[in-house]
$ cat data-v6.csv   # CSV, C-alpha atoms
chain,number,residue,atom,x,y,z
A,1,MET,CA,118.9,-25.9,-138.0
A,2,SER,CA,117.9,-29.1,-136.0
A,3,THR,CA,119.2,-32.6,-136.0
A,4,TYR,CA,116.8,-35.5,-135.4
A,5,ALA,CA,117.7,-39.1,-134.5
A,6,ILE,CA,115.0,-41.5,-135.7
A,7,GLY,CA,114.4,-45.1,-134.7
A,8,ASP,CA,114.0,-48.2,-136.8
A,9,ILE,CA,111.8,-47.6,-139.8
A,10,GLN,CA,111.7,-51.1,-141.3
A,11,GLY,CA,109.8,-50.1,-144.4
A,12,CYS,CA,107.2,-48.0,-142.7
A,13,LEU,CA,107.5,-45.0,-145.1
A,14,ALA,CA,104.0,-43.4,-144.5
A,15,PRO,CA,104.6,-43.0,-140.7
A,16,LEU,CA,108.1,-41.6,-141.5
A,17,LYS,CA,106.7,-39.0,-143.8
A,18,ARG,CA,104.0,-38.0,-141.3
A,19,LEU,CA,106.6,-37.7,-138.6
A,20,LEU,CA,108.8,-35.5,-140.8
A,21,HIS,CA,105.7,-33.3,-141.5
A,22,LYS,CA,105.1,-33.1,-137.7
A,23,ILE,CA,108.6,-31.9,-137.0
A,24,HIS,CA,108.5,-29.5,-139.9
A,25,PHE,CA,111.6,-31.1,-141.4
A,26,ASP,CA,113.4,-28.8,-143.8
A,27,PRO,CA,116.0,-30.7,-145.9
A,28,THR,CA,117.8,-27.5,-146.7
A,29,GLN,CA,118.5,-26.8,-143.0
A,30,ASP,CA,117.8,-29.9,-140.9
A,31,LYS,CA,119.6,-33.2,-140.6
A,32,LEU,CA,118.2,-36.7,-140.0
A,33,TRP,CA,120.1,-39.5,-138.3
A,34,PHE,CA,118.6,-43.0,-138.8
A,35,SER,CA,119.4,-45.9,-136.4
A,36,GLY,CA,119.5,-48.5,-139.1
A,37,ASP,CA,117.0,-51.3,-140.1
A,38,LEU,CA,115.6,-49.1,-142.8
A,39,ILE,CA,113.9,-52.0,-144.5
A,40,ASN,CA,112.1,-55.4,-144.0
A,41,ARG,CA,108.9,-56.4,-142.2
A,42,GLY,CA,107.1,-53.2,-143.1
A,43,PRO,CA,105.1,-52.6,-146.3
A,44,ASP,CA,107.4,-50.2,-148.2
A,45,SER,CA,111.0,-51.3,-148.1
A,46,LEU,CA,111.9,-50.2,-151.7
A,47,GLU,CA,110.3,-46.7,-151.4
A,48,THR,CA,111.8,-46.2,-148.0
A,49,LEU,CA,115.3,-46.9,-149.2
A,50,ARG,CA,114.8,-44.7,-152.3
A,51,PHE,CA,113.4,-41.9,-150.1
A,52,ILE,CA,116.2,-41.9,-147.6
A,53,LYS,CA,118.9,-42.1,-150.3
A,54,SER,CA,117.2,-39.1,-152.0
A,55,LEU,CA,117.8,-37.0,-149.0
A,56,ASN,CA,121.5,-36.9,-149.8
A,57,GLN,CA,123.5,-34.8,-147.3
A,58,SER,CA,120.4,-34.1,-145.2
A,59,ALA,CA,120.4,-37.6,-143.8
A,60,LEU,CA,122.7,-40.3,-142.6
A,61,THR,CA,122.2,-43.8,-141.4
A,62,VAL,CA,124.1,-46.6,-139.7
A,63,LEU,CA,123.6,-50.2,-140.8
A,64,GLY,CA,121.3,-52.5,-138.9
A,65,ASN,CA,121.0,-56.3,-139.0
A,66,HIS,CA,118.1,-56.1,-141.5
A,67,ASP,CA,120.1,-53.9,-143.8
A,68,LEU,CA,123.0,-56.3,-143.7
A,69,THR,CA,120.7,-59.2,-144.5
A,70,LEU,CA,119.6,-57.4,-147.7
A,71,LEU,CA,123.3,-56.9,-148.6
A,72,ALA,CA,124.1,-60.5,-147.9
A,73,ILE,CA,121.2,-61.7,-150.2
A,74,ALA,CA,122.2,-59.2,-152.9
A,75,TYR,CA,125.7,-60.7,-152.8
A,76,GLU,CA,124.1,-64.2,-153.0
A,77,ALA,CA,125.8,-65.2,-149.7
A,78,ILE,CA,122.4,-66.3,-148.2
A,79,PRO,CA,119.1,-67.2,-149.9
A,80,TYR,CA,116.0,-65.0,-149.9
A,81,ASN,CA,113.4,-66.4,-147.6
A,82,PRO,CA,109.9,-65.0,-148.3
A,83,ILE,CA,108.8,-66.0,-144.7
A,84,TYR,CA,111.3,-63.6,-143.1
A,85,HIS,CA,112.3,-61.2,-145.9
A,86,THR,CA,109.9,-58.7,-147.3
A,87,PHE,CA,112.2,-56.7,-149.6
A,88,LYS,CA,111.9,-58.7,-152.9
A,89,ASP,CA,110.8,-55.4,-154.5
A,90,ILE,CA,114.3,-54.0,-153.8
A,91,LEU,CA,116.0,-57.1,-155.4
A,92,GLU,CA,113.8,-56.7,-158.5
A,93,ALA,CA,114.0,-52.9,-158.8
A,94,PRO,CA,115.6,-51.4,-161.9
A,95,ASP,CA,117.8,-49.3,-159.6
A,96,LYS,CA,118.7,-52.2,-157.3
A,97,ASN,CA,122.4,-51.9,-158.0
A,98,GLU,CA,122.4,-48.2,-157.2
A,99,LEU,CA,120.5,-48.8,-154.0
A,100,ILE,CA,122.8,-51.7,-152.9
A,101,GLU,CA,125.9,-49.7,-153.7
A,102,TRP,CA,124.6,-46.8,-151.6
A,103,LEU,CA,123.6,-49.0,-148.7
A,104,ARG,CA,126.9,-50.8,-148.5
A,105,HIS,CA,128.8,-47.5,-148.1
A,106,GLN,CA,126.9,-46.6,-145.0
A,107,PRO,CA,128.8,-46.8,-141.6
A,108,LEU,CA,128.3,-49.0,-138.6
A,109,LEU,CA,128.9,-46.1,-136.2
A,110,HIS,CA,128.6,-42.3,-136.5
A,111,HIS,CA,130.1,-39.9,-134.0
A,112,ASP,CA,129.6,-36.2,-134.0
A,113,PRO,CA,132.1,-34.4,-131.7
A,114,THR,CA,130.2,-31.1,-132.0
A,115,LEU,CA,126.8,-32.5,-130.9
A,116,GLU,CA,128.6,-35.1,-128.7
A,117,TYR,CA,126.4,-37.9,-129.8
A,118,THR,CA,127.3,-41.4,-131.0
A,119,LEU,CA,124.9,-43.4,-133.2
A,120,VAL,CA,124.8,-47.2,-133.6
A,121,HIS,CA,122.1,-49.7,-134.4
A,122,ALA,CA,122.2,-52.0,-131.3
A,123,GLY,CA,124.9,-51.0,-128.9
A,124,LEU,CA,128.6,-50.8,-127.9
A,125,HIS,CA,130.6,-53.5,-126.2
A,126,PRO,CA,131.3,-52.6,-122.6
A,127,HIS,CA,135.0,-53.0,-123.1
A,128,TRP,CA,135.2,-50.6,-126.1
A,129,ASP,CA,136.0,-47.0,-125.7
A,130,LEU,CA,135.3,-44.6,-128.6
A,131,PRO,CA,138.6,-45.0,-130.4
A,132,GLN,CA,138.3,-48.8,-130.3
A,133,ALA,CA,134.7,-48.7,-131.4
A,134,LEU,CA,135.6,-46.5,-134.4
A,135,LEU,CA,138.4,-48.9,-135.4
A,136,HIS,CA,136.1,-51.9,-135.2
A,137,ALA,CA,133.5,-50.1,-137.2
A,138,GLN,CA,136.0,-49.2,-139.9
A,139,ALA,CA,137.1,-52.8,-140.1
A,140,ILE,CA,133.6,-53.9,-141.0
A,141,GLU,CA,133.1,-51.0,-143.4
A,142,SER,CA,136.3,-51.9,-145.2
A,143,ALA,CA,135.1,-55.5,-145.5
A,144,ILE,CA,131.7,-54.5,-146.8
A,145,GLN,CA,133.0,-51.9,-149.3
A,146,GLY,CA,135.9,-54.0,-150.5
A,147,SER,CA,136.3,-56.3,-153.4
A,148,GLN,CA,136.0,-59.4,-151.2
A,149,ALA,CA,132.6,-58.4,-149.8
A,150,LYS,CA,131.0,-61.7,-150.7
A,151,ASP,CA,133.5,-63.6,-148.6
A,152,PHE,CA,132.7,-61.4,-145.7
A,153,PHE,CA,128.9,-62.1,-146.0
A,154,LEU,CA,129.5,-65.8,-146.4
A,155,HIS,CA,131.2,-65.8,-143.0
A,156,LEU,CA,128.8,-63.3,-141.3
A,157,TYR,CA,126.1,-65.3,-139.7
A,158,GLY,CA,126.2,-67.1,-136.3
A,159,ASP,CA,126.0,-66.6,-132.6
A,160,THR,CA,129.6,-67.5,-132.0
A,161,PRO,CA,132.1,-66.4,-130.9
A,162,ASN,CA,130.2,-64.7,-128.1
A,163,GLN,CA,133.3,-63.3,-126.4
A,164,TRP,CA,136.3,-61.5,-127.7
A,165,ASP,CA,139.6,-63.4,-127.9
A,166,SER,CA,142.8,-62.2,-129.6
A,167,ASN,CA,143.2,-65.8,-131.0
A,168,LEU,CA,140.0,-65.6,-133.0
A,169,THR,CA,140.3,-66.0,-136.7
A,170,HIS,CA,139.8,-63.0,-139.0
A,171,PHE,CA,136.3,-63.8,-139.9
A,172,GLU,CA,135.4,-64.7,-136.3
A,173,LYS,CA,136.5,-61.3,-135.2
A,174,LEU,CA,134.5,-59.6,-137.9
A,175,ARG,CA,131.4,-61.6,-137.0
A,176,PHE,CA,131.8,-60.7,-133.3
A,177,ILE,CA,132.1,-57.0,-134.1
A,178,VAL,CA,129.0,-57.1,-136.4
A,179,ASN,CA,127.0,-58.9,-133.7
A,180,VAL,CA,127.9,-56.2,-131.2
A,181,PHE,CA,126.9,-53.3,-133.5
A,182,THR,CA,123.8,-54.8,-134.9
A,183,ARG,CA,122.4,-57.5,-132.5
A,184,LEU,CA,123.6,-56.6,-128.9
A,185,ARG,CA,121.0,-56.4,-126.1
A,186,PHE,CA,122.4,-58.4,-123.2
A,187,CYS,CA,125.9,-59.2,-122.1
A,188,THR,CA,127.9,-60.0,-118.9
A,189,PRO,CA,130.2,-57.6,-117.1
A,190,GLY,CA,133.0,-59.7,-118.6
A,191,GLY,CA,131.8,-58.9,-122.1
A,192,LYS,CA,130.1,-62.2,-123.1
A,193,LEU,CA,127.2,-61.7,-125.5
A,194,GLU,CA,123.8,-63.3,-125.4
A,195,PHE,CA,121.4,-63.2,-128.4
A,196,THR,CA,118.2,-65.1,-127.4
A,197,GLY,CA,116.7,-62.5,-125.1
A,198,LYS,CA,114.5,-60.0,-126.9
A,199,GLY,CA,112.1,-58.9,-124.2
A,200,SER,CA,112.2,-56.1,-121.6
A,201,LYS,CA,115.4,-55.3,-119.9
A,202,GLU,CA,114.0,-56.8,-116.6
A,203,ASN,CA,113.7,-60.2,-118.3
A,204,CYS,CA,117.4,-60.7,-119.0
A,205,PRO,CA,118.9,-64.1,-119.0
A,206,ASN,CA,120.5,-65.2,-115.8
A,207,GLY,CA,123.9,-63.6,-115.3
A,208,TYR,CA,123.4,-61.1,-118.1
A,209,PHE,CA,122.5,-57.4,-118.1
A,210,PRO,CA,121.4,-54.8,-120.6
A,211,TRP,CA,124.6,-53.6,-122.3
A,212,PHE,CA,124.0,-50.0,-121.4
A,213,SER,CA,123.4,-50.7,-117.7
A,214,LEU,CA,126.8,-52.0,-116.9
A,215,PRO,CA,128.5,-49.5,-114.6
A,216,THR,CA,132.0,-50.5,-115.6
A,217,ARG,CA,131.6,-50.1,-119.4
A,218,LEU,CA,134.3,-47.9,-120.8
A,219,ASN,CA,131.9,-45.9,-123.0
A,220,ARG,CA,129.6,-44.9,-120.2
A,221,HIS,CA,130.4,-41.2,-120.7
A,222,LEU,CA,129.3,-41.2,-124.4
A,223,LYS,CA,125.8,-40.1,-125.3
A,224,ILE,CA,124.8,-43.2,-127.3
A,225,LEU,CA,121.8,-43.3,-129.6
A,226,PHE,CA,120.6,-46.7,-130.6
A,227,GLY,CA,117.6,-48.6,-132.0
A,228,HIS,CA,117.1,-52.4,-132.4
A,229,TRP,CA,115.4,-53.0,-129.0
A,230,ALA,CA,111.7,-52.2,-129.5
A,231,ALA,CA,110.7,-53.8,-126.1
A,232,LEU,CA,112.4,-50.9,-124.4
A,233,GLN,CA,109.6,-48.7,-125.7
A,234,GLY,CA,112.2,-45.9,-126.2
A,235,GLU,CA,113.3,-45.8,-122.5
A,236,SER,CA,116.6,-47.1,-121.1
A,237,LEU,CA,116.6,-45.2,-117.8
A,238,GLU,CA,120.3,-44.6,-118.2
A,239,PRO,CA,121.4,-41.0,-118.6
A,240,ASN,CA,123.6,-41.4,-121.6
A,241,ALA,CA,121.8,-44.2,-123.4
A,242,PHE,CA,119.0,-43.1,-125.7
A,243,ALA,CA,116.7,-45.8,-127.0
A,244,LEU,CA,115.0,-44.8,-130.3
A,245,ASP,CA,113.2,-48.0,-131.5
A,246,THR,CA,109.6,-47.6,-130.4
A,247,GLY,CA,108.2,-50.5,-132.4
A,248,CYS,CA,106.6,-48.8,-135.4
A,249,VAL,CA,106.5,-52.1,-137.4
A,250,PHE,CA,104.7,-53.7,-134.5
A,251,GLY,CA,101.9,-51.1,-134.8
A,252,ASN,CA,103.2,-48.7,-132.1
A,253,CYS,CA,104.9,-45.5,-133.1
A,254,LEU,CA,107.9,-44.0,-134.8
A,255,THR,CA,110.1,-41.6,-132.7
A,256,ALA,CA,112.4,-38.8,-133.5
A,257,MET,CA,114.6,-37.1,-130.9
A,258,ARG,CA,115.9,-33.6,-131.5
A,259,LEU,CA,119.5,-33.7,-130.4
A,260,GLU,CA,119.8,-30.0,-129.6
A,261,ASP,CA,117.4,-30.2,-126.7
A,262,GLY,CA,116.4,-33.9,-126.3
A,263,ILE,CA,112.8,-33.3,-127.1
A,264,ARG,CA,111.0,-36.3,-128.6
A,265,PHE,CA,108.3,-36.5,-131.3
A,266,SER,CA,106.3,-39.5,-132.1
A,267,GLU,CA,103.9,-40.6,-134.8
A,268,SER,CA,101.4,-43.5,-134.5
A,269,CYS,CA,102.1,-46.3,-137.0
A,270,GLY,CA,98.9,-48.2,-136.9
A,271,GLU,CA,98.5,-52.0,-137.5
A,272,PHE,CA,100.3,-54.3,-139.9
A,273,PRO,CA,99.3,-57.7,-141.2
A,274,ALA,CA,99.3,-60.5,-138.6
A,275,ASN,CA,101.2,-62.8,-141.0
A,276,ILE,CA,104.4,-60.8,-140.8
A,277,HIS,CA,107.1,-62.9,-139.1
A,278,PHE,CA,109.3,-61.2,-136.5

$ encode --input "data-v6.csv" --output "structure tokens"
Amino acid sequence: MSTYAIGDIQGCLAPLKRLLHKIHFDPTQDKLWFSGDLINRGPDSLETLRFIKSLNQSALTVLGNHDLTLLAIAYEAIPYNPIYHTFKDILEAPDKNELIEWLRHQPLLHHDPTLEYTLVHAGLHPHWDLPQALLHAQAIESAIQGSQAKDFFLHLYGDTPNQWDSNLTHFEKLRFIVNVFTRLRFCTPGGKLEFTGKGSKENCPNGYFPWFSLPTRLNRHLKILFGHWAALQGESLEPNAFALDTGCVFGNCLTAMRLEDGIRFSESCGEFPANIHF
């Protein structure tokens, strides 16, 4: 039995299936962990979502920012924009409600004490230890899965607040937590977030650092698996921070890391239409 952590798929189903063939994935024995952003930008969002859902107990995923966007549109909290959203097939599918219901019950964080790995989409705040991160993730999961989910999505979007404060409103706290789990790349040692930088970790905004490089972060001992940051090309150079997004939707490759021994497997993804907006 093996467990494989796989980077952002974003609707690239054919490369995913080729990768699973390469690693000889056996759903009766092996497990797949997905770093979120299952859909959008790529060509097969609907079939990707159906396929991963069909794996049942053989797979788990955390939610990424693109997955949350689908949920927000499904709850009519934000409009569908065909320039940026390529999952209209999901919204018009006969099994849309079943897929949305399944997706909204996926976590923001997964921690396995046996394998000693923690899976998130983008990162962990440097001031959060594991118990705090779990509590924050549970707060978001309760909001998404509860009867007031639309209110949550109506208040979800924005770059502020970019720093934690106990005096923040309820929805400001939830927005901050979601932005950490699904959008984090750069922050200050004091915990201030920055969302405009998307390039390599060397090109960080002045005064900011890659979240995983801060030597004082409370979760430095955790083995953290994350996606979201394709510009890293799968390499953080930090011993306990494992970057998984290798830019499949940009025409690079899709990567799986076997957790039992750390060996990585990649599958070329080829080119995608130039008119896709990123």

$ residues_around --input "data-v6.csv" --residues "Thr216 (chain A)" --least-positions-apart "4" --cutoff "8 Å" --atoms "only C-alpha atoms" --output "number ranges by chain"
A: 126, 189, 220

$ atom_distance --input "data-v6.csv" --atom1 "CA of Asn252 (chain A)" --atom2 "CA of Phe87 (chain A)"
21.2 Å

$ closest_residue --input "data-v6.csv" --among "A:Cys12, A:Leu154, A:Ala133, A:Leu109" --to "Ser45 (chain A)" --atoms "only C-alpha atoms"
A:Cys12

$ residues_near_point --input "data-v6.csv" --point "(115.9, -49.3, -143.0)" --cutoff "8 Å" --atoms "all atoms listed in the file" --output "ChimeraX atom specification"
/A:8-11,36-40,45,48-49,64,66-67

$ residues_around --input "data-v6.csv" --residues "Glu202 (chain A)" --least-positions-apart "2" --cutoff "12 Å" --atoms "all atoms listed in the file" --output "ChimeraX atom specification"
/A:185-186,197-200,204-206,208-210,213,231-232,236-237

$ closest_residue --input "data-v6.csv" --among "A:Leu174, A:Ile263, A:Leu32, A:Leu156" --to "Ala77 (chain A)" --atoms "all atoms listed in the file"
A:Leu156

$ residues_around --input "data-v6.csv" --residues "His105 (chain A)" --least-positions-apart "5" --cutoff "12 Å" --atoms "all atoms listed in the file" --output "ChimeraX atom specification"
/A:53,60-63,67-68,71,98-100,138,140-146,149

$ closest_residue --input "data-v6.csv" --among "A:Cys187, A:Leu130, A:Met257, A:Ile90" --to "Asn219 (chain A)" --atoms "only C-alpha atoms"
A:Leu130

$ residues_around --input "data-v6.csv" --residues "region 119-122 of chain A" --least-positions-apart "2" --cutoff "7 Å" --atoms "all atoms listed in the file" --output "list of chain:residue names"
A:Ser35, A:Gly36, A:Val62, A:Leu63, A:Gly64, A:Leu108, A:Leu109, A:His110, A:His111, A:Tyr117, A:Phe181, A:Thr182, A:Arg183, A:Leu184, A:Arg185, A:Ile224, A:Leu225, A:Phe226, A:Gly227, A:His228

$ closest_residue --input "data-v6.csv" --among "A:Leu214, A:Leu222, A:Leu254, A:Val178" --to "Phe242 (chain A)" --atoms "all atoms listed in the file"
A:Leu222

$ closest_residue --input "data-v6.csv" --among "A:Thr114, A:Asn97, A:Thr86, A:Gln106" --to "Pro43 (chain A)" --atoms "all atoms listed in the file"
A:Thr86

$ closest_residue --input "data-v6.csv" --among "A:Leu70, A:Cys269, A:Leu259, A:Ala93" --to "Asp112 (chain A)" --atoms "only C-alpha atoms"
A:Leu259

$ residues_around --input "data-v6.csv" --residues "Lys31 (chain A)" --least-positions-apart "5" --cutoff "12 Å" --atoms "only C-alpha atoms" --output "ChimeraX atom specification"
/A:1-6,20,23-26,52,55-61,256-260

$ atom_distance --input "data-v6.csv" --atom1 "CA of Arg104 (chain A)" --atom2 "CA of His21 (chain A)"
28.4 Å

$ atom_distance --input "data-v6.csv" --atom1 "CA of Phe195 (chain A)" --atom2 "CA of Glu76 (chain A)"
24.8 Å

$ build_atoms --input "data-v6.csv" --residues "region 217-228 of chain A" --atoms "N, CA and C atoms" --output "PDB file, in the coordinates of the input"
ATOM      1  N   ARG A 217     131.279 -50.150-117.919  1.00  0.00           N
ATOM      2  CA  ARG A 217     131.600 -50.100-119.400  1.00  0.00           C
ATOM      3  C   ARG A 217     132.397 -48.829-119.670  1.00  0.00           C
ATOM      4  N   LEU A 218     133.352 -48.994-120.552  1.00  0.00           N
ATOM      5  CA  LEU A 218     134.300 -47.900-120.800  1.00  0.00           C
ATOM      6  C   LEU A 218     133.697 -46.764-121.612  1.00  0.00           C
ATOM      7  N   ASN A 219     132.542 -46.980-122.241  1.00  0.00           N
ATOM      8  CA  ASN A 219     131.900 -45.900-123.000  1.00  0.00           C
ATOM      9  C   ASN A 219     130.745 -45.265-122.306  1.00  0.00           C
ATOM     10  N   ARG A 220     130.716 -45.386-120.994  1.00  0.00           N
ATOM     11  CA  ARG A 220     129.600 -44.900-120.200  1.00  0.00           C
ATOM     12  C   ARG A 220     129.413 -43.371-120.337  1.00  0.00           C
ATOM     13  N   HIS A 221     130.497 -42.654-120.591  1.00  0.00           N
ATOM     14  CA  HIS A 221     130.400 -41.200-120.700  1.00  0.00           C
ATOM     15  C   HIS A 221     129.870 -40.733-122.034  1.00  0.00           C
ATOM     16  N   LEU A 222     129.836 -41.626-123.034  1.00  0.00           N
ATOM     17  CA  LEU A 222     129.300 -41.200-124.400  1.00  0.00           C
ATOM     18  C   LEU A 222     127.813 -41.152-124.351  1.00  0.00           C
ATOM     19  N   LYS A 223     127.290 -40.201-125.100  1.00  0.00           N
ATOM     20  CA  LYS A 223     125.800 -40.100-125.300  1.00  0.00           C
ATOM     21  C   LYS A 223     125.516 -40.980-126.534  1.00  0.00           C
ATOM     22  N   ILE A 224     124.994 -42.180-126.277  1.00  0.00           N
ATOM     23  CA  ILE A 224     124.800 -43.200-127.300  1.00  0.00           C
ATOM     24  C   ILE A 224     123.351 -43.268-127.730  1.00  0.00           C
ATOM     25  N   LEU A 225     123.096 -43.091-129.010  1.00  0.00           N
ATOM     26  CA  LEU A 225     121.800 -43.300-129.600  1.00  0.00           C
ATOM     27  C   LEU A 225     121.724 -44.643-130.254  1.00  0.00           C
ATOM     28  N   PHE A 226     120.667 -45.404-129.990  1.00  0.00           N
ATOM     29  CA  PHE A 226     120.600 -46.700-130.600  1.00  0.00           C
ATOM     30  C   PHE A 226     119.133 -47.145-130.797  1.00  0.00           C
ATOM     31  N   GLY A 227     118.948 -48.092-131.714  1.00  0.00           N
ATOM     32  CA  GLY A 227     117.600 -48.600-132.000  1.00  0.00           C
ATOM     33  C   GLY A 227     117.572 -50.103-131.609  1.00  0.00           C
ATOM     34  N   HIS A 228     117.015 -50.929-132.484  1.00  0.00           N
ATOM     35  CA  HIS A 228     117.100 -52.400-132.400  1.00  0.00           C
ATOM     36  C   HIS A 228     116.192 -53.021-131.328  1.00  0.00           C
TER      37      HIS A 228
END
